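Chemist: Quick one, target.pdb (PDB, C-alpha atoms):
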```
ATOM      1  CA  MET A 276      34.384  44.485  19.227
ATOM      2  CA  LYS A 277      32.914  46.778  16.635
ATOM      3  CA  HIS A 278      31.060  43.795  15.083
ATOM      4  CA  HIS A 279      29.544  42.811  18.436
ATOM      5  CA  ILE A 280      28.175  46.287  19.075
ATOM      6  CA  LEU A 281      26.792  46.528  15.534
ATOM      7  CA  SER A 282      25.152  43.073  15.816
ATOM      8  CA  ALA A 283      23.562  43.960  19.168
ATOM      9  CA  ALA A 284      22.250  47.273  17.805
ATOM     10  CA  LEU A 285      20.781  45.526  14.768
ATOM     11  CA  ILE A 286      19.020  42.903  16.930
ATOM     12  CA  VAL A 287      17.541  45.547  19.235
ATOM     13  CA  THR A 288      16.400  47.650  16.287
ATOM     14  CA  LEU A 289      14.750  44.763  14.442
ATOM     15  CA  SER A 290      13.062  43.403  17.548
ATOM     16  CA  ALA A 291      11.452  46.792  18.115
ATOM     17  CA  CYS A 292       9.675  46.497  14.747
ATOM     18  CA  GLY A 293       7.449  43.786  16.218
ATOM     19  CA  GLY A 294       5.427  43.032  13.075
ATOM     20  CA  GLN A 295       4.517  46.604  12.155
ATOM     21  CA  PHE A 296       5.611  46.070   8.577
ATOM     22  CA  SER A 297       4.024  43.747   6.071
ATOM     23  CA  ASN A 298       5.915  40.764   4.749
ATOM     24  CA  PRO A 299       7.421  41.724   1.367
ATOM     25  CA  PHE A 300       7.318  38.054   0.291
ATOM     26  CA  GLU A 301       3.652  37.581   1.115
ATOM     27  CA  GLY A 302       1.611  36.493  -1.891
ATOM     28  CA  LEU A 303       4.561  35.367  -3.992
ATOM     29  CA  GLY A 304       3.711  31.946  -5.430
ATOM     30  CA  ALA A 305       0.510  31.760  -3.429
ATOM     31  CA  GLN A 306      -2.487  30.053  -4.972
ATOM     32  CA  PRO A 307      -5.737  32.021  -5.113
ATOM     33  CA  GLU A 308      -8.303  30.856  -2.581
ATOM     34  CA  PRO A 309     -11.187  28.919  -4.090
ATOM     35  CA  PRO A 310     -14.567  30.598  -3.963
ATOM     36  CA  ILE A 311     -16.855  29.629  -1.096
ATOM     37  CA  ASP A 312     -19.652  27.311  -2.180
ATOM     38  CA  GLU A 313     -22.846  29.013  -1.055
ATOM     39  CA  SER A 314     -24.874  25.782  -1.364
ATOM     40  CA  LEU A 315     -22.991  24.266   1.579
ATOM     41  CA  SER A 316     -23.747  27.112   3.968
ATOM     42  CA  ASP A 317     -27.034  25.507   5.110
ATOM     43  CA  VAL A 318     -25.432  22.128   6.026
ATOM     44  CA  ASP A 319     -25.310  21.443   9.744
ATOM     45  CA  ALA A 320     -21.795  20.284  10.653
ATOM     46  CA  THR A 321     -23.173  18.053  13.417
ATOM     47  CA  ASP A 322     -25.249  15.914  10.994
ATOM     48  CA  PRO A 323     -23.423  12.690  10.131
ATOM     49  CA  PRO A 324     -23.122  11.901   6.441
ATOM     50  CA  ALA A 325     -25.647   9.477   5.000
ATOM     51  CA  PRO A 326     -24.368   5.892   4.876
ATOM     52  CA  THR A 327     -23.291   4.678   1.474
ATOM     53  CA  GLU A 328     -22.908   1.220   0.032
ATOM     54  CA  PRO A 329     -19.366  -0.162   0.430
ATOM     55  CA  SER A 330     -17.446  -0.215  -2.791
ATOM     56  CA  VAL A 331     -16.212  -3.451  -4.306
ATOM     57  CA  VAL A 332     -12.443  -3.734  -4.167
ATOM     58  CA  GLU A 333     -11.177  -5.028  -7.476
ATOM     59  CA  VAL A 334      -7.776  -6.556  -8.102
ATOM     60  CA  GLY A 335      -5.720  -7.342 -11.141
ATOM     61  CA  ALA A 336      -5.086  -5.599 -14.397
ATOM     62  CA  GLY A 337      -8.215  -4.263 -16.017
ATOM     63  CA  GLY A 338     -10.132  -4.202 -12.720
ATOM     64  CA  GLN A 339     -10.840  -7.938 -12.449
ATOM     65  CA  SER A 340     -12.464  -9.214  -9.273
ATOM     66  CA  ALA A 341     -10.886 -11.915  -7.121
ATOM     67  CA  ALA A 342     -13.645 -14.334  -8.132
ATOM     68  CA  SER A 343     -12.912 -13.811 -11.826
ATOM     69  CA  LEU A 344      -9.195 -14.471 -11.282
ATOM     70  CA  ASP A 345      -9.824 -17.663  -9.287
ATOM     71  CA  LYS A 346     -10.327 -20.381 -11.942
ATOM     72  CA  THR A 347     -10.355 -23.371  -9.572
ATOM     73  CA  THR A 348     -13.261 -25.766  -9.942
ATOM     74  CA  GLU A 349     -15.592 -26.849  -7.145
ATOM     75  CA  ALA A 350     -14.028 -30.325  -7.246
ATOM     76  CA  GLU A 351     -10.548 -28.817  -6.757
ATOM     77  CA  LYS A 352     -11.807 -26.692  -3.857
ATOM     78  CA  GLU A 353     -13.450 -29.708  -2.193
ATOM     79  CA  ALA A 354     -10.300 -31.796  -2.583
ATOM     80  CA  ALA A 355      -8.114 -29.015  -1.164
ATOM     81  CA  THR A 356     -10.334 -28.448   1.870
ATOM     82  CA  ALA A 357     -10.799 -32.164   2.651
ATOM     83  CA  ALA A 358      -9.264 -33.240   5.945
ATOM     84  CA  PRO A 359      -5.511 -33.730   5.478
ATOM     85  CA  ALA A 360      -4.012 -37.170   6.078
ATOM     86  CA  GLY A 361      -1.745 -35.791   8.786
ATOM     87  CA  GLY A 362       1.886 -34.862   8.545
ATOM     88  CA  SER A 363       4.745 -33.225  10.318
ATOM     89  CA  VAL A 364       4.513 -29.572  11.296
ATOM     90  CA  LEU A 365       7.254 -27.538   9.613
ATOM     91  CA  GLY A 366       6.587 -24.291  11.447
ATOM     92  CA  LYS A 367       4.608 -21.078  11.325
ATOM     93  CA  THR A 368       4.803 -18.406   8.673
ATOM     94  CA  VAL A 369       3.166 -15.092   7.902
ATOM     95  CA  ALA A 370       1.662 -15.266   4.441
ATOM     96  CA  SER A 371       0.463 -12.612   2.031
ATOM     97  CA  LEU A 372      -1.274 -12.945  -1.317
ATOM     98  CA  GLY A 373       1.024 -14.254  -4.039
ATOM     99  CA  ASP A 374       0.546 -13.831  -7.790
ATOM    100  CA  PRO A 375      -3.260 -13.779  -8.181
ATOM    101  CA  THR A 376      -3.041 -14.944 -11.791
ATOM    102  CA  GLU A 377      -1.188 -18.160 -10.880
ATOM    103  CA  GLN A 378      -3.862 -20.829 -10.466
ATOM    104  CA  GLY A 379      -4.004 -23.667  -7.944
ATOM    105  CA  PHE A 380      -3.508 -24.199  -4.240
ATOM    106  CA  TRP A 381       0.093 -23.405  -3.342
ATOM    107  CA  LEU A 382       2.313 -21.742  -0.744
ATOM    108  CA  ARG A 383       5.733 -20.347  -1.635
ATOM    109  CA  THR A 384       7.685 -20.640   1.607
ATOM    110  CA  PRO A 385      11.245 -20.871   2.925
ATOM    111  CA  LEU A 386      10.111 -23.690   5.262
ATOM    112  CA  VAL A 387      10.749 -26.337   2.580
ATOM    113  CA  GLU A 388      13.789 -27.122   0.450
ATOM    114  CA  THR A 389      12.025 -29.140  -2.245
ATOM    115  CA  GLU A 390       8.548 -28.949  -3.740
ATOM    116  CA  THR A 391       6.165 -31.189  -1.813
ATOM    117  CA  GLN A 392       2.525 -31.565  -0.796
ATOM    118  CA  GLY A 393       1.372 -30.219   2.537
ATOM    119  CA  SER A 394      -1.289 -28.189   4.266
ATOM    120  CA  VAL A 395      -1.718 -24.850   5.970
ATOM    121  CA  GLU A 396      -3.939 -24.042   8.942
ATOM    122  CA  THR A 397      -5.148 -20.648  10.159
ATOM    123  CA  ALA A 398      -5.356 -19.636  13.802
ATOM    124  CA  GLY A 399      -9.131 -20.139  13.478
ATOM    125  CA  GLY A 400      -8.691 -23.788  12.465
ATOM    126  CA  ALA A 401      -9.397 -23.561   8.720
ATOM    127  CA  VAL A 402      -7.207 -26.011   6.799
ATOM    128  CA  VAL A 403      -6.387 -26.320   3.109
ATOM    129  CA  GLN A 404      -4.050 -28.689   1.287
ATOM    130  CA  VAL A 405      -1.441 -26.936  -0.833
ATOM    131  CA  LYS A 406       1.654 -27.551  -2.900
ATOM    132  CA  LEU A 407       4.614 -26.278  -0.841
ATOM    133  CA  ILE A 408       7.081 -24.504  -3.142
ATOM    134  CA  PRO A 409      10.515 -23.490  -1.805
ATOM    135  CA  ILE A 410      11.763 -19.902  -1.909
ATOM    136  CA  ASP A 411      15.063 -18.442  -0.752
ATOM    137  CA  GLY A 412      15.324 -16.883   2.669
ATOM    138  CA  PRO A 413      15.533 -17.736   6.349
ATOM    139  CA  ALA A 414      12.767 -19.879   7.859
ATOM    140  CA  SER A 415      11.479 -16.767   9.631
ATOM    141  CA  ALA A 416      10.872 -14.994   6.300
ATOM    142  CA  GLY A 417       7.318 -14.591   5.083
ATOM    143  CA  SER A 418       5.489 -16.700   2.540
ATOM    144  CA  ARG A 419       3.174 -16.069  -0.407
ATOM    145  CA  ILE A 420      -0.076 -17.965  -0.778
ATOM    146  CA  SER A 421      -2.303 -18.504  -3.816
ATOM    147  CA  LEU A 422      -5.547 -16.656  -4.331
ATOM    148  CA  ALA A 423      -7.510 -19.927  -4.356
ATOM    149  CA  ALA A 424      -5.995 -21.003  -1.026
ATOM    150  CA  MET A 425      -6.700 -17.607   0.559
ATOM    151  CA  ARG A 426     -10.318 -17.780  -0.561
ATOM    152  CA  ALA A 427     -10.655 -21.389   0.700
ATOM    153  CA  LEU A 428      -9.282 -20.282   4.085
ATOM    154  CA  ASP A 429     -11.718 -17.331   4.081
ATOM    155  CA  LEU A 430      -8.876 -14.823   4.404
ATOM    156  CA  GLY A 431      -9.016 -11.248   3.179
ATOM    157  CA  LEU A 432      -6.895 -10.489   0.149
ATOM    158  CA  THR A 433      -4.864  -7.923   2.103
ATOM    159  CA  ASP A 434      -4.491 -10.060   5.247
ATOM    160  CA  LEU A 435      -1.110 -11.038   6.611
ATOM    161  CA  ALA A 436      -2.183 -14.398   7.976
ATOM    162  CA  THR A 437      -0.167 -16.462  10.426
ATOM    163  CA  LEU A 438      -0.340 -20.029   9.148
ATOM    164  CA  THR A 439       0.872 -23.332  10.537
ATOM    165  CA  VAL A 440       2.579 -25.221   7.705
ATOM    166  CA  SER A 441       2.613 -29.024   7.668
ATOM    167  CA  LYS A 442       4.228 -31.482   5.269
ATOM    168  CA  SER A 443       2.076 -34.445   4.116
TER     169      SER A 443
END
```
What's the structure tokens form of this structure?
Modeler:
Amino acid sequence: MKHHILSAALIVTLSACGGQFSNPFEGLGAQPEPPIDESLSDVDATDPPAPTEPSVVEVGAGGQSAASLDKTTEAEKEAATAAPAGGSVLGKTVASLGDPTEQGFWLRTPLVETETQGSVETAGGAVVQVKLIPIDGPASAGSRISLAAMRALDLGLTDLATLTVSKS
């Protein structure tokens, strides 16, 4: 009982303080505020910033561009984008960029059990012939596509493209 009365008295007493005292911990570990830049005081906040040129996104070690990593020849690109001879549809997969340093037109996918030739088609109708390389995982797992194939399909390097996979 004595503890209840003491607790209630302490709560009433502390609530009466109501912020009259400064915080004894204020300023401990605080970083000093940076000085105000006087040169920015004449900038109108409603003015939009001036447009700038978009920056080139570079990939690979050493800042190599996608074009410099893609070593496929024009003849290889033409052969890969030629109309496929038909084949059976294996299914759809969501593909991301595979190893950009591995050359050629390929798709690593769980939709095949053995390495074979095939093709992939985007939702927009772009088609490229690729080597289908098996990877472990359920058929619903994603796939990885070569840099050359992504460029031939006109896909962005960061796209997660839904592709229809067919076996030749």
Chemist: From the set A:Ala398, A:Leu365, A:Val440, A:Ala357, which residue has the shortest atom-to-atom contact distance to A:Ala427, counting only C-alpha atoms?
Modeler: A:Ala357
Chemist: Could you tell me which residues the PyMOL selection byres ((chain A and resi 413) around 12) returns for this structure, as a list in words?
Modeler: Thr368, Thr384, Pro385, Leu386, Val387, Glu388, Pro409, Ile410, Asp411, Gly412, Ala414, Ser415, Ala416, Gly417 and Ser418 of chain A
Chemist: Can I get the selection written as a CSV table (one decimal), keeping the file's coordinate frame, with C-alpha atoms?
Modeler:
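Output file again.csv follows:
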```csv
chain,number,residue,atom,x,y,z
A,368,THR,CA,4.8,-18.4,8.7
A,384,THR,CA,7.7,-20.6,1.6
A,385,PRO,CA,11.2,-20.9,2.9
A,386,LEU,CA,10.1,-23.7,5.3
A,387,VAL,CA,10.7,-26.3,2.6
A,388,GLU,CA,13.8,-27.1,0.4
A,409,PRO,CA,10.5,-23.5,-1.8
A,410,ILE,CA,11.8,-19.9,-1.9
A,411,ASP,CA,15.1,-18.4,-0.8
A,412,GLY,CA,15.3,-16.9,2.7
A,414,ALA,CA,12.8,-19.9,7.9
A,415,SER,CA,11.5,-16.8,9.6
A,416,ALA,CA,10.9,-15.0,6.3
A,417,GLY,CA,7.3,-14.6,5.1
A,418,SER,CA,5.5,-16.7,2.5
```
Chemist: Mind checking which residues fall within 12 Å of A:Ser443, counting all atoms listed in the file, ignoring those fewer than 5 positions away in the same chain, and posting them as a ChimeraX atom specification?
Modeler: /A:358-365,387,390-395,403-407
Chemist: For A:Ala370, which residue among A:Ser441, A:Asp434, A:Leu428, A:Ile280 is the nearest when counting only C-alpha atoms?
Modeler: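 Among A:Ser441, A:Asp434, A:Leu428, A:Ile280, it is A:Asp434 that comes nearest to A:Ala370.
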Chemist: Taking the file as I've supplied it (selection: the PyMOL selection byres ((chain A and resi 352) around 12)), which residues are included? Please answer as number ranges by chain.
Modeler: A: 345-351, 353-357, 378-380, 402-405, 422-428
Chemist: Please compute the atom CA of A:Pro375-atom CA of A:Thr397 distance, one decimal, in Å.
Modeler: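 Going from atom CA of A:Pro375 over to atom CA of A:Thr397 covers 19.7 Å.
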Chemist: Report, in Å to a single decimal, how far apart atom CA of A:Glu377 and atom CA of A:Gly400 are.
Modeler: 25.2 Å
Chemist: For the structure shown, which residues end up in the PyMOL selection byres ((chain A and resi 373) around 8)? Put them as a list of chain:residue names, please?
Modeler: A:Ser371, A:Leu372, A:Asp374, A:Pro375, A:Arg419, A:Ile420, A:Ser421, A:Leu422
Chemist: Go ahead and compute the interatomic distance for atom CA of A:Lys442 and atom CA of A:Gly399, in Å to one decimal.
Modeler: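 A separation of 19.4 Å between them.
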